[in-house]
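The file coords-v8.txt comes next; it holds compact mmCIF, C-alpha atoms.
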```
# COMPACT_ATOMS: atom_id res chain seq x y z
CA MET A 1 127.09 130.63 110.78
CA LYS A 2 129.04 130.31 107.52
CA ASN A 3 128.54 126.56 107.51
CA ARG A 4 124.81 126.95 107.82
CA ILE A 5 124.71 129.38 104.92
CA ARG A 6 126.72 126.94 102.80
CA LEU A 7 124.36 124.05 103.61
CA ARG A 8 121.35 126.18 102.89
CA VAL A 9 122.76 127.17 99.52
CA HIS A 10 122.95 123.47 98.62
CA ALA A 11 119.44 122.64 99.83
CA CYS A 12 117.33 125.68 99.07
CA ALA A 13 119.16 127.71 96.41
CA SER A 14 119.17 131.51 96.49
CA PHE A 15 115.89 131.98 98.41
CA GLY A 16 117.30 129.96 101.33
CA VAL A 17 120.48 132.04 101.31
CA TRP A 18 118.44 135.21 101.59
CA LEU A 19 116.57 133.83 104.59
CA SER A 20 119.78 132.78 106.28
CA LEU A 21 121.40 136.16 105.81
CA LEU A 22 118.34 138.16 106.82
CA LEU A 23 117.08 136.04 109.69
CA GLY A 24 120.03 133.76 110.42
CA TRP A 25 120.29 134.80 114.07
CA THR A 26 117.23 132.65 114.86
CA LEU A 27 119.15 129.51 113.93
CA THR A 28 121.61 129.68 116.80
CA ALA A 29 120.20 131.94 119.52
CA ALA A 30 118.45 130.09 122.34
CA GLY A 31 114.79 131.10 122.44
CA ALA A 32 111.57 130.28 120.63
CA VAL A 33 111.95 127.98 117.63
CA HIS A 34 108.77 127.44 115.59
CA VAL A 35 107.75 124.23 113.80
CA ASP A 36 104.77 123.70 111.50
CA ALA A 37 104.17 120.50 109.48
CA CYS A 38 102.35 122.54 106.83
CA ALA A 39 105.12 125.08 106.37
CA SER A 40 106.75 125.52 102.98
CA GLY A 41 109.95 123.68 103.85
CA PHE A 42 112.19 126.74 103.45
CA GLY A 43 111.91 127.93 107.05
CA ASN A 44 114.53 128.96 109.58
CA GLY A 45 112.57 128.49 112.80
CA SER A 46 111.20 132.01 113.08
CA HIS A 47 107.51 132.74 113.64
CA LEU A 48 107.06 133.78 110.01
CA PHE A 49 109.23 131.01 108.56
CA PRO A 50 108.85 127.92 110.79
CA TYR A 51 110.63 124.66 110.23
CA LYS A 52 108.58 121.97 108.53
CA THR A 53 109.94 119.01 110.52
CA LEU A 54 110.85 118.39 114.13
CA THR A 55 114.01 116.65 112.94
CA GLN A 56 115.31 119.85 111.38
CA ALA A 57 114.19 121.98 114.30
CA VAL A 58 115.97 119.77 116.84
CA ALA A 59 119.14 119.71 114.74
CA GLU A 60 119.25 123.49 114.30
CA ALA A 61 117.98 124.71 117.68
CA ALA A 62 120.49 125.76 120.30
CA ALA A 63 120.44 124.01 123.67
CA GLY A 64 117.93 125.64 125.99
CA SER A 65 115.55 126.59 123.17
CA ASN A 66 111.78 126.27 123.38
CA LEU A 67 110.26 124.49 120.38
CA SER A 68 106.80 125.87 119.68
CA VAL A 69 105.19 123.05 117.70
CA GLN A 70 102.03 123.78 115.71
CA SER A 71 99.23 121.26 116.23
CA ALA A 72 99.73 118.52 113.64
CA ALA A 73 101.10 115.01 113.21
CA TYR A 74 104.87 114.64 112.84
CA PRO A 75 105.56 111.06 111.66
CA GLU A 76 109.27 111.20 112.43
CA ARG A 77 111.77 109.03 114.29
CA LEU A 78 113.04 111.62 116.70
CA THR A 79 116.16 111.53 118.89
CA ILE A 80 116.87 114.50 121.17
CA THR A 81 120.32 114.73 122.77
CA LYS A 82 120.23 118.37 123.91
CA ASN A 83 118.20 120.31 126.47
CA LEU A 84 115.08 121.46 124.61
CA LYS A 85 111.51 122.20 125.68
CA LEU A 86 108.69 121.21 123.31
CA GLU A 87 105.37 123.02 123.62
CA ALA A 88 102.22 122.39 121.58
CA SER A 89 100.67 125.41 119.90
CA GLY A 90 97.06 125.56 118.74
CA GLY A 91 96.07 122.04 119.82
CA ARG A 92 97.47 118.55 120.28
CA VAL A 93 100.68 117.34 118.67
CA LEU A 94 101.24 113.73 117.55
CA ILE A 95 104.85 112.55 117.15
CA GLY A 96 106.01 109.33 115.46
CA THR A 97 103.00 108.51 113.32
CA HIS A 98 100.35 110.07 111.14
CA ALA A 99 96.98 110.91 112.63
CA VAL A 100 94.28 108.79 110.98
CA LYS A 101 90.76 109.89 110.08
CA THR A 102 88.03 107.96 108.28
CA ALA A 103 85.02 108.82 106.16
CA GLU A 104 82.18 106.85 104.63
CA ILE A 105 82.10 107.46 100.88
CA CYS A 106 80.31 106.21 97.78
CA VAL A 107 82.38 104.96 94.85
CA PRO A 108 80.66 105.30 91.45
CA VAL A 109 80.95 102.25 89.18
CA MET A 110 81.35 103.92 85.81
CA ASP A 111 81.24 100.71 83.76
CA HIS A 112 78.26 99.27 85.65
CA GLU A 113 76.40 98.46 82.43
CA GLN A 114 79.04 95.77 81.77
CA LEU A 115 78.89 94.32 85.31
CA PRO A 116 76.15 92.15 86.85
CA LEU A 117 76.20 94.03 90.19
CA GLU A 118 73.97 92.88 93.04
CA ASP A 119 72.10 95.59 95.04
CA PRO A 120 74.13 98.63 93.93
CA ILE A 121 73.42 102.03 95.48
CA SER A 122 73.15 105.60 94.21
CA CYS A 123 76.12 107.96 94.49
CA GLY A 124 74.39 111.32 94.25
CA SER A 125 74.45 112.45 90.64
CA ASP A 126 76.15 109.17 89.63
CA PRO A 127 73.36 106.60 89.39
CA ILE A 128 75.26 103.42 90.27
CA GLY A 129 77.86 102.86 92.96
CA VAL A 130 78.98 100.98 96.08
CA HIS A 131 79.76 101.89 99.68
CA ALA A 132 83.37 102.32 100.80
CA LYS A 133 85.35 103.53 103.80
CA LEU A 134 88.21 105.97 103.37
CA TYR A 135 91.20 105.92 105.75
CA TYR A 136 93.63 108.79 105.36
CA PRO A 137 96.60 110.47 107.09
CA ALA A 138 95.15 113.67 108.55
CA VAL A 139 96.86 116.98 109.18
CA GLY A 140 96.77 116.28 112.91
CA PRO A 141 94.83 114.72 115.77
CA ASP A 142 92.40 117.64 115.87
CA GLY A 143 92.03 118.26 112.13
CA LEU A 144 89.96 116.56 109.45
CA SER A 145 91.85 117.75 106.38
CA MET A 146 94.48 115.68 104.58
CA ALA A 147 98.04 115.76 105.93
CA CYS A 148 100.37 118.22 104.24
CA ALA A 149 103.03 115.70 103.23
CA GLY A 150 101.24 114.37 100.12
CA PRO A 151 100.79 113.13 97.53
CA PHE A 152 100.46 109.74 99.21
CA PRO A 153 100.37 106.18 97.93
CA LEU A 154 96.91 104.62 97.56
CA ILE A 155 95.79 101.12 98.58
CA VAL A 156 92.41 99.69 97.58
CA TYR A 157 91.21 96.85 99.82
CA ALA A 158 88.67 94.12 98.92
CA HIS A 159 87.18 92.04 101.74
CA GLY A 160 86.47 88.32 101.58
CA ARG A 161 83.21 86.56 100.87
CA ARG A 162 81.23 84.71 103.56
CA ALA A 163 77.76 83.24 103.90
CA SER A 164 75.25 85.53 105.60
CA TYR A 165 74.01 82.71 107.86
CA GLN A 166 77.40 82.02 109.46
CA ALA A 167 77.53 82.93 113.17
CA LEU A 168 80.39 84.39 115.19
CA CYS A 169 82.25 82.49 117.90
CA ASP A 170 79.74 83.75 120.49
CA GLY A 171 76.80 82.70 118.32
CA SER A 172 75.81 86.24 117.36
CA ASN A 173 75.15 87.49 113.85
CA PRO A 174 78.04 89.50 112.36
CA GLY A 175 75.63 91.63 110.32
CA PRO A 176 74.85 91.74 106.61
CA VAL A 177 77.63 90.87 104.18
CA HIS A 178 77.42 94.26 102.47
CA GLU A 179 78.90 95.79 105.65
CA ASP A 180 82.00 93.56 105.65
CA TYR A 181 84.08 96.32 104.08
CA ARG A 182 84.18 97.80 107.62
CA GLU A 183 85.69 94.64 109.13
CA ALA A 184 89.37 95.44 108.58
CA ASP A 185 89.80 98.61 110.65
CA GLY A 186 92.74 97.17 112.58
CA ILE A 187 94.86 96.49 109.50
CA LEU A 188 93.81 99.48 107.40
CA THR A 189 94.23 102.06 110.18
CA TRP A 190 97.84 100.94 110.57
CA LEU A 191 98.47 101.49 106.87
CA ALA A 192 97.01 105.00 106.99
CA ALA A 193 99.13 105.76 110.08
CA ALA A 194 102.21 104.87 108.01
CA GLY A 195 101.28 107.54 105.45
CA ILE A 196 99.09 105.71 102.92
CA ILE A 197 95.56 106.52 101.75
CA VAL A 198 93.37 103.42 101.94
CA ILE A 199 89.90 102.78 100.50
CA SER A 200 88.07 99.68 101.68
CA VAL A 201 85.34 99.12 99.12
CA ASP A 202 82.21 96.96 99.36
CA VAL A 203 82.82 94.25 96.78
CA SER A 204 79.86 92.14 97.90
CA ALA A 205 77.92 93.62 94.97
CA GLY A 206 80.24 91.65 92.67
CA PRO A 207 79.28 87.96 92.74
CA THR A 208 82.65 86.66 91.45
CA PRO A 209 86.30 87.80 91.58
CA ILE A 210 85.96 89.22 88.06
CA GLU A 211 83.24 91.70 89.10
CA LYS A 212 85.00 92.39 92.40
CA ALA A 213 88.17 93.26 90.47
CA SER A 214 86.18 95.71 88.34
CA ILE A 215 84.90 97.40 91.51
CA MET A 216 88.52 97.71 92.74
CA MET A 217 89.60 99.27 89.44
CA ASN A 218 86.66 101.67 89.58
CA THR A 219 87.86 102.65 93.06
CA VAL A 220 91.36 103.44 91.76
CA SER A 221 89.75 105.51 88.99
CA TYR A 222 87.55 107.33 91.52
CA ALA A 223 90.49 108.16 93.79
CA CYS A 224 92.56 109.52 90.90
CA ALA A 225 89.62 111.61 89.70
CA GLU A 226 89.04 112.99 93.20
CA SER A 227 92.72 113.85 93.48
CA ALA A 228 92.34 115.99 90.36
CA ARG A 229 89.06 117.61 91.49
CA ARG A 230 89.29 121.03 93.11
CA GLY A 231 87.71 121.11 96.55
CA SER A 232 87.82 117.35 97.11
CA LEU A 233 89.20 115.96 100.36
CA LEU A 234 91.60 113.99 98.15
CA GLN A 235 92.64 116.98 96.03
CA GLY A 236 96.31 116.54 95.11
CA ALA A 237 96.65 113.70 97.63
CA VAL A 238 96.91 110.54 95.47
CA ASP A 239 100.09 109.48 93.71
CA PRO A 240 99.00 107.31 90.73
CA GLN A 241 102.54 105.94 90.37
CA ARG A 242 102.36 104.37 93.86
CA ILE A 243 99.26 102.18 93.87
CA GLY A 244 98.79 99.11 96.07
CA LEU A 245 96.04 96.50 96.14
CA LEU A 246 95.08 94.37 99.14
CA GLY A 247 92.51 91.59 99.26
CA HIS A 248 91.25 88.77 101.46
CA SER A 249 90.05 85.41 100.11
CA GLN A 250 87.94 86.13 97.00
CA GLY A 251 88.97 89.76 97.52
CA GLY A 252 92.53 88.50 97.12
CA ALA A 253 91.57 86.85 93.84
CA ALA A 254 90.03 90.18 92.82
CA ALA A 255 93.27 91.98 93.68
CA ILE A 256 95.20 89.53 91.48
CA ARG A 257 92.84 90.20 88.57
CA ALA A 258 92.81 93.98 89.09
CA ALA A 259 96.62 94.17 89.28
CA ALA A 260 96.99 92.18 86.06
CA CYS A 261 94.48 94.45 84.31
CA LEU A 262 95.87 97.75 85.62
CA ASN A 263 99.51 96.91 85.01
CA GLY A 264 98.57 95.48 81.62
CA ASN A 265 96.66 98.66 80.70
CA SER A 266 93.56 96.63 79.80
CA ALA A 267 91.09 98.65 81.93
CA THR A 268 90.25 100.72 78.86
CA SER A 269 86.60 101.39 79.72
CA LEU A 270 87.61 103.50 82.76
CA ASP A 271 88.83 107.06 82.80
CA LEU A 272 92.22 106.30 84.31
CA PRO A 273 95.58 108.05 84.16
CA LYS A 274 98.65 105.88 83.84
CA VAL A 275 98.84 104.05 87.14
CA ASP A 276 101.53 101.76 88.53
CA VAL A 277 100.49 98.96 90.86
CA LEU A 278 103.75 98.54 92.75
CA ALA A 279 102.58 96.16 95.48
CA VAL A 280 99.82 93.57 95.95
CA GLY A 281 99.01 92.11 99.39
CA LEU A 282 97.03 88.86 99.50
CA LEU A 283 95.41 87.50 102.67
CA ALA A 284 94.53 83.82 102.16
CA PRO A 285 93.85 84.44 98.45
CA ALA A 286 91.55 82.23 96.41
CA LEU A 287 92.49 81.18 92.89
CA TRP A 288 88.95 80.78 91.54
CA GLN A 289 88.64 82.36 88.07
CA VAL A 290 92.03 84.10 88.20
CA GLU A 291 94.63 81.35 87.62
CA SER A 292 95.71 82.87 84.31
CA ASP A 293 96.08 86.34 85.87
CA VAL A 294 98.68 85.49 88.51
CA ASP A 295 101.72 85.81 86.25
CA GLY A 296 100.49 89.25 85.12
CA VAL A 297 100.34 90.80 88.59
CA GLY A 298 103.60 92.74 88.22
CA GLY A 299 105.25 94.63 91.06
CA ALA A 300 105.92 93.09 94.46
CA ALA A 301 103.58 90.60 96.11
CA LEU A 302 102.88 89.41 99.65
CA VAL A 303 100.93 86.23 100.42
CA ILE A 304 99.80 85.43 103.97
CA TYR A 305 98.93 81.78 104.59
CA GLY A 306 97.47 80.22 107.72
CA THR A 307 98.12 76.55 108.40
CA ASN A 308 94.52 76.05 109.66
CA ASP A 309 93.02 77.33 106.41
CA GLU A 310 92.12 73.82 105.28
CA HIS A 311 88.31 73.63 105.52
CA PRO A 312 86.70 72.58 102.18
CA LEU A 313 84.80 75.88 102.08
CA GLN A 314 88.01 77.85 102.57
CA VAL A 315 90.97 78.29 100.21
CA GLY A 316 93.14 75.33 101.25
CA ASP A 317 96.45 75.38 99.36
CA ASP A 318 95.47 78.21 97.00
CA PRO A 319 97.78 80.76 98.72
CA LEU A 320 100.75 78.43 98.21
CA GLU A 321 99.83 77.96 94.55
CA VAL A 322 99.57 81.73 94.14
CA TYR A 323 102.98 82.30 95.71
CA GLY A 324 104.58 79.62 93.54
CA SER A 325 103.21 81.22 90.35
CA LEU A 326 104.03 84.84 91.16
CA ALA A 327 107.07 86.54 89.67
CA PRO A 328 109.61 88.04 92.12
CA PRO A 329 109.87 90.05 94.23
CA LYS A 330 107.47 88.01 96.33
CA HIS A 331 107.06 87.07 99.97
CA LEU A 332 105.12 84.31 101.73
CA VAL A 333 104.31 84.68 105.43
CA VAL A 334 103.20 81.43 107.09
CA VAL A 335 101.28 81.89 110.34
CA GLU A 336 101.09 78.69 112.38
CA GLY A 337 97.50 77.93 113.45
CA ALA A 338 95.87 80.83 111.59
CA ASN A 339 92.47 80.20 110.00
CA HIS A 340 90.70 81.80 107.07
CA PHE A 341 88.64 84.54 108.76
CA GLY A 342 90.87 85.67 111.62
CA TYR A 343 92.25 88.68 109.74
CA THR A 344 89.05 90.65 110.34
CA ASP A 345 88.13 92.71 113.38
CA GLY A 346 85.10 90.68 114.40
CA ILE A 347 84.26 87.80 112.05
CA CYS A 348 85.31 84.71 113.98
CA LEU A 349 83.11 81.81 112.85
CA ALA A 350 81.69 79.33 115.34
CA ASP A 351 82.23 76.10 113.40
CA ASP A 352 85.13 74.08 114.86
CA ASP A 353 86.39 73.49 111.31
CA TYR A 354 87.34 77.16 111.17
CA ALA A 355 89.31 77.07 114.45
CA SER A 356 92.32 79.33 114.92
CA THR A 357 95.08 78.38 117.39
CA VAL A 358 97.66 81.15 117.12
CA GLY A 359 100.34 81.59 119.78
CA GLY A 360 98.95 78.71 121.83
CA LEU A 361 95.57 80.44 122.16
CA ASP A 362 92.20 79.77 120.56
CA GLY A 363 88.91 81.60 119.95
CA PRO A 364 88.83 85.43 119.93
CA ALA A 365 92.27 85.64 121.62
CA ALA A 366 93.84 83.67 118.76
CA GLN A 367 92.01 85.89 116.27
CA GLN A 368 93.53 89.00 117.85
CA LEU A 369 97.02 87.52 117.50
CA GLN A 370 96.30 86.50 113.92
CA GLN A 371 95.23 90.01 113.01
CA LEU A 372 98.20 91.55 114.83
CA THR A 373 100.52 89.27 112.86
CA ALA A 374 98.90 90.21 109.56
CA ARG A 375 98.89 93.89 110.49
CA ARG A 376 102.62 93.94 111.23
CA ASN A 377 103.65 92.10 108.09
CA ILE A 378 101.28 93.95 105.77
CA ARG A 379 102.55 97.29 107.04
CA ALA A 380 106.17 96.14 106.64
CA PHE A 381 105.42 95.03 103.06
CA PHE A 382 103.69 98.20 101.89
CA SER A 383 106.16 100.43 103.79
CA SER A 384 108.94 98.72 101.86
CA TYR A 385 107.44 98.90 98.38
CA LEU A 386 105.19 101.99 98.49
CA LEU A 387 107.04 104.21 100.97
CA GLY A 388 110.62 103.12 100.24
CA ASP A 389 111.40 102.11 103.85
CA SER A 390 113.88 99.37 102.95
CA ALA A 391 114.59 98.52 106.60
CA GLN A 392 111.11 96.98 106.85
CA LEU A 393 112.03 94.37 104.25
CA ASP A 394 114.03 92.40 106.83
CA TYR A 395 110.76 91.32 108.44
CA LEU A 396 109.86 89.56 105.19
CA VAL A 397 113.18 87.98 104.19
CA GLN A 398 114.47 84.79 105.78
CA GLU A 399 117.86 84.36 107.41
CA SER A 400 119.38 82.40 104.53
CA GLY A 401 118.42 81.08 101.12
CA GLU A 402 115.47 81.79 98.83
CA GLN A 403 112.27 79.94 98.03
CA CYS A 404 111.27 81.08 94.57
CA GLY A 405 109.20 78.11 93.42
CA HIS A 406 106.30 76.32 95.05
CA PRO A 407 107.07 76.17 98.79
CA GLY A 408 105.45 72.76 99.30
CA ASN A 409 102.90 71.78 101.90
CA PRO A 410 103.88 72.14 104.64
CA PRO A 411 105.86 75.14 103.37
CA ALA A 412 109.63 74.87 103.67
CA CYS A 413 110.13 78.43 104.88
CA GLY A 414 112.68 79.89 107.28
CA ILE A 415 112.51 82.47 110.04
CA PRO A 416 112.58 86.18 109.15
CA LYS A 417 115.77 88.18 109.64
CA ARG A 418 113.99 90.46 112.12
CA HIS A 419 111.09 89.74 114.45
CA PHE A 420 108.48 92.20 115.63
CA GLU A 421 109.20 92.27 119.34
CA ASP A 422 105.57 92.01 120.43
CA LEU A 423 104.89 88.97 118.20
CA GLU A 424 108.01 87.20 119.42
CA ASN A 425 107.04 87.85 123.04
CA LEU A 426 103.51 86.57 122.36
CA GLY A 427 104.84 83.33 120.95
CA VAL A 428 103.42 83.62 117.43
CA ASN A 429 105.16 81.11 115.15
CA ILE A 430 105.93 82.88 111.86
CA ARG A 431 107.95 81.62 108.92
CA VAL A 432 108.75 83.40 105.66
CA CYS A 433 109.68 82.42 102.12
CA SER A 434 111.02 85.18 99.92
CA CYS A 435 112.23 85.53 96.38
CA VAL A 436 113.87 88.91 95.80
CA PRO A 437 115.89 89.60 92.63
```
Serialized structure, structure tokens:
Amino acid sequence: MKNRIRLRVHACASFGVWLSLLLGWTLTAAGAVHVDACASGFGNGSHLFPYKTLTQAVAEAAAGSNLSVQSAAYPERLTITKNLKLEASGGRVLIGTHAVKTAEICVPVMDHEQLPLEDPISCGSDPIGVHAKLYYPAVGPDGLSMACAGPFPLIVYAHGRRASYQALCDGSNPGPVHEDYREADGILTWLAAAGIIVISVDVSAGPTPIEKASIMMNTVSYACAESARRGSLLQGAVDPQRIGLLGHSQGGAAAIRAAACLNGNSATSLDLPKVDVLAVGLLAPALWQVESDVDGVGGAALVIYGTNDEHPLQVGDDPLEVYGSLAPPKHLVVVEGANHFGYTDGICLADDDYASTVGGLDGPAAQQLQQLTARRNIRAFFSSYLLGDSAQLDYLVQESGEQCGHPGNPPACGIPKRHFEDLENLGVNIRVCSCVP
């Protein structure tokens, strides 16, 4: 018991010592040990002072104890080597990942008088705005409120641009372009499950990457304002010093522009606190209108390039040019056979020129592998640079050597140090170039 008191003095100061002395018997006696993800963090496993994490509860509980776990999500890597019984209390318990909830929201565009927006909408008392979808780590599988572990990093996502007349692989209509912000559920849900707030915003109202970038910056401003607003779902949940941007195609060009503006403090017309864009993810990014912005991106960058992205109406070699111009740290993921549109949930275009042949498959099956590949690498990237999970970086760094300049076409990239087991088993050919200081 003396050792536990000494450890608690180091971690929790005098209040923790008082708990240990007054209620210390609950730390060692086999019996009920209580865990609650929304506890204060100064608990000892009693009913009144539960542990905040399963990791601590398992470490402290005596063999034979019953762990009464309050309904919530516990995104922990848990190893149990003693005889313990875990029981859910008050609802379902999710272990190993955050629970993810979504909400349709409206993002006001505060500087709309300076932007030639197409078909904007009304955001309640704010006259001009755009649709968006919010993905967030929830308190648990049965709760709608924000998880208790915040503040969280924020990622703003901008979708690509397509022609409204283009049909899917089965010949059906994918719907109006102003609904494309909903087409990245697979990727964005994974990011929220890792512990990141994500807002996918409708940038179709912006005709060029410049206007799309302004919509992204307005979204960052909105999220920061909501984090400061009492009663908001996002109250206290957004960390403005851990901002990420993610974009596809022209949305990638918009992310380049927005990162250069935000990190260069040139978004002066918006009511923004000091924000730090630490990471920018680019899915088949276009260079149109943003060539001069690439060297101002700042932070870490990820570029995903598909070798079948060669149609004249697609981006061609632009992703390779972007990677070559970015400052380190930067990572290029080359997906053999991936096309331009396969990163979405459902937009798989019928024209043979857009064909995707990932993992030896084609059509919708290849698209699923392409999205899975992007999902894994995007999560590894943002987990590394926004969440500080350095182990994930091995998925983005090659076995030997660096490729800091233009990687050439075809890219002279090596294999990553670590493979995602499912991608390796599925036969997806992935290569990476990295330049890390």
Shell of 7 Å around Gln371 in chain A, only C-alpha atoms, local chain residues under 2 positions omitted, as number ranges by chain: A: 342-344, 367-369, 373-375
Among listed residues A:Gly186, A:Pro209, A:Gly244, A:Gly363, nearest Glu291 in chain A (using only C-alpha atoms): A:Pro209
Taking into account only C-alpha atoms, which residue in the set A:Ala99, A:Val432, A:Leu168, A:Val156 is nearest to Ser200 in chain A? A:Val156
With a distance cut-off of 6 Å and all atoms listed in the file, select the neighbouring residues of Thr307 in chain A, excluding the residue or stretch itself and same-chain residues fewer than 5 positions from it, and output the selection as a VMD selection string. chain A and resid 336 to 338
Would you pick out the contacts of His248 in chain A at 7 Å or less, using only C-alpha atoms, so that residues sharing its chain but fewer than 2 positions from it are not included, and give the list as a ChimeraX atom specification? /A:158-160,250-252,282-285
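For the pair CA of Ala59 in chain A and CA of Ala88 in chain A, the separation is 18.4 Å.
Going from CA of Val436 in chain A over to CA of Glu402 in chain A, you cover 7.9 Å.
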Need the axis-aligned box for range 355-363 of chain A with 4 Å each side, so what are the centre and edges in Å to one decimal, as AutoDock Vina command-line options?
```
--center_x 94.6 --center_y 79.3 --center_z 118.3 --size_x 19.4 --size_y 12.5 --size_z 15.7
```
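Residue neighbourhood of Ala327 in chain A, excluding near-sequence residues (fewer than 4 positions): Val294, Asp295, Gly296, Val297, Gly298, Gly299, Ala300, Ala301, Tyr323, Cys404 and Cys435 of chain A, at 9 Å, using only C-alpha atoms.
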Would you mind exporting C-alpha atoms of the selected residues as an mmCIF file, keeping the file's coordinate frame?
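Contents of the output file result-v2.cif:
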```
data_model
loop_
_atom_site.group_PDB
_atom_site.id
_atom_site.type_symbol
_atom_site.label_atom_id
_atom_site.label_comp_id
_atom_site.auth_asym_id
_atom_site.auth_seq_id
_atom_site.Cartn_x
_atom_site.Cartn_y
_atom_site.Cartn_z
ATOM 1 C CA VAL A 294 98.680 85.490 88.510
ATOM 2 C CA ASP A 295 101.720 85.810 86.250
ATOM 3 C CA GLY A 296 100.490 89.250 85.120
ATOM 4 C CA VAL A 297 100.340 90.800 88.590
ATOM 5 C CA GLY A 298 103.600 92.740 88.220
ATOM 6 C CA GLY A 299 105.250 94.630 91.060
ATOM 7 C CA ALA A 300 105.920 93.090 94.460
ATOM 8 C CA ALA A 301 103.580 90.600 96.110
ATOM 9 C CA TYR A 323 102.980 82.300 95.710
ATOM 10 C CA CYS A 404 111.270 81.080 94.570
ATOM 11 C CA CYS A 435 112.230 85.530 96.380
#
```
Distance of CA of Ser214 in chain A from CA of Leu234 in chain A, expressed in Å to one decimal place: 21.4 Å
Go through A:Ala237, A:Val201, A:Ala253, A:Leu54 and flag the residue nearest Tyr136 in chain A, using all atoms listed in the file for the distances. A:Ala237
Can range 228-243 of chain A be brought up to N, CA and C atoms and written out as a short mmCIF file (atom, residue, chain, number, x, y, z; two decimals), in the frame of the given file?
```cif
data_model
loop_
_atom_site.label_atom_id
_atom_site.label_comp_id
_atom_site.auth_asym_id
_atom_site.auth_seq_id
_atom_site.Cartn_x
_atom_site.Cartn_y
_atom_site.Cartn_z
N ALA A 228 92.26 114.92 91.36
CA ALA A 228 92.34 115.99 90.36
C ALA A 228 91.21 117.00 90.49
N ARG A 229 90.24 116.74 91.37
CA ARG A 229 89.06 117.61 91.49
C ARG A 229 89.28 118.67 92.56
N ARG A 230 89.12 119.93 92.17
CA ARG A 230 89.29 121.03 93.11
C ARG A 230 88.22 120.96 94.20
N GLY A 231 88.64 121.11 95.44
CA GLY A 231 87.71 121.11 96.55
C GLY A 231 87.47 119.76 97.18
N SER A 232 87.98 118.69 96.57
CA SER A 232 87.82 117.35 97.11
C SER A 232 88.74 117.15 98.31
N LEU A 233 88.33 116.32 99.25
CA LEU A 233 89.20 115.96 100.36
C LEU A 233 90.49 115.35 99.85
N LEU A 234 90.43 114.64 98.72
CA LEU A 234 91.60 113.99 98.15
C LEU A 234 92.34 114.85 97.14
N GLN A 235 92.00 116.13 97.02
CA GLN A 235 92.64 116.98 96.03
C GLN A 235 94.17 116.97 96.18
N GLY A 236 94.86 116.56 95.12
CA GLY A 236 96.31 116.54 95.11
C GLY A 236 96.94 115.52 96.04
N ALA A 237 96.14 114.59 96.59
CA ALA A 237 96.65 113.70 97.63
C ALA A 237 97.07 112.33 97.14
N VAL A 238 96.67 111.91 95.94
CA VAL A 238 96.91 110.54 95.47
C VAL A 238 98.03 110.53 94.44
N ASP A 239 99.00 109.66 94.65
CA ASP A 239 100.09 109.48 93.71
C ASP A 239 99.78 108.26 92.83
N PRO A 240 99.38 108.45 91.57
CA PRO A 240 99.00 107.31 90.73
C PRO A 240 100.15 106.39 90.36
N GLN A 241 101.38 106.81 90.63
CA GLN A 241 102.54 105.94 90.37
C GLN A 241 102.92 105.10 91.60
N ARG A 242 102.12 105.20 92.67
CA ARG A 242 102.36 104.37 93.86
C ARG A 242 101.03 103.79 94.33
N ILE A 243 100.54 102.82 93.57
CA ILE A 243 99.26 102.18 93.87
C ILE A 243 99.51 100.80 94.45
#
```
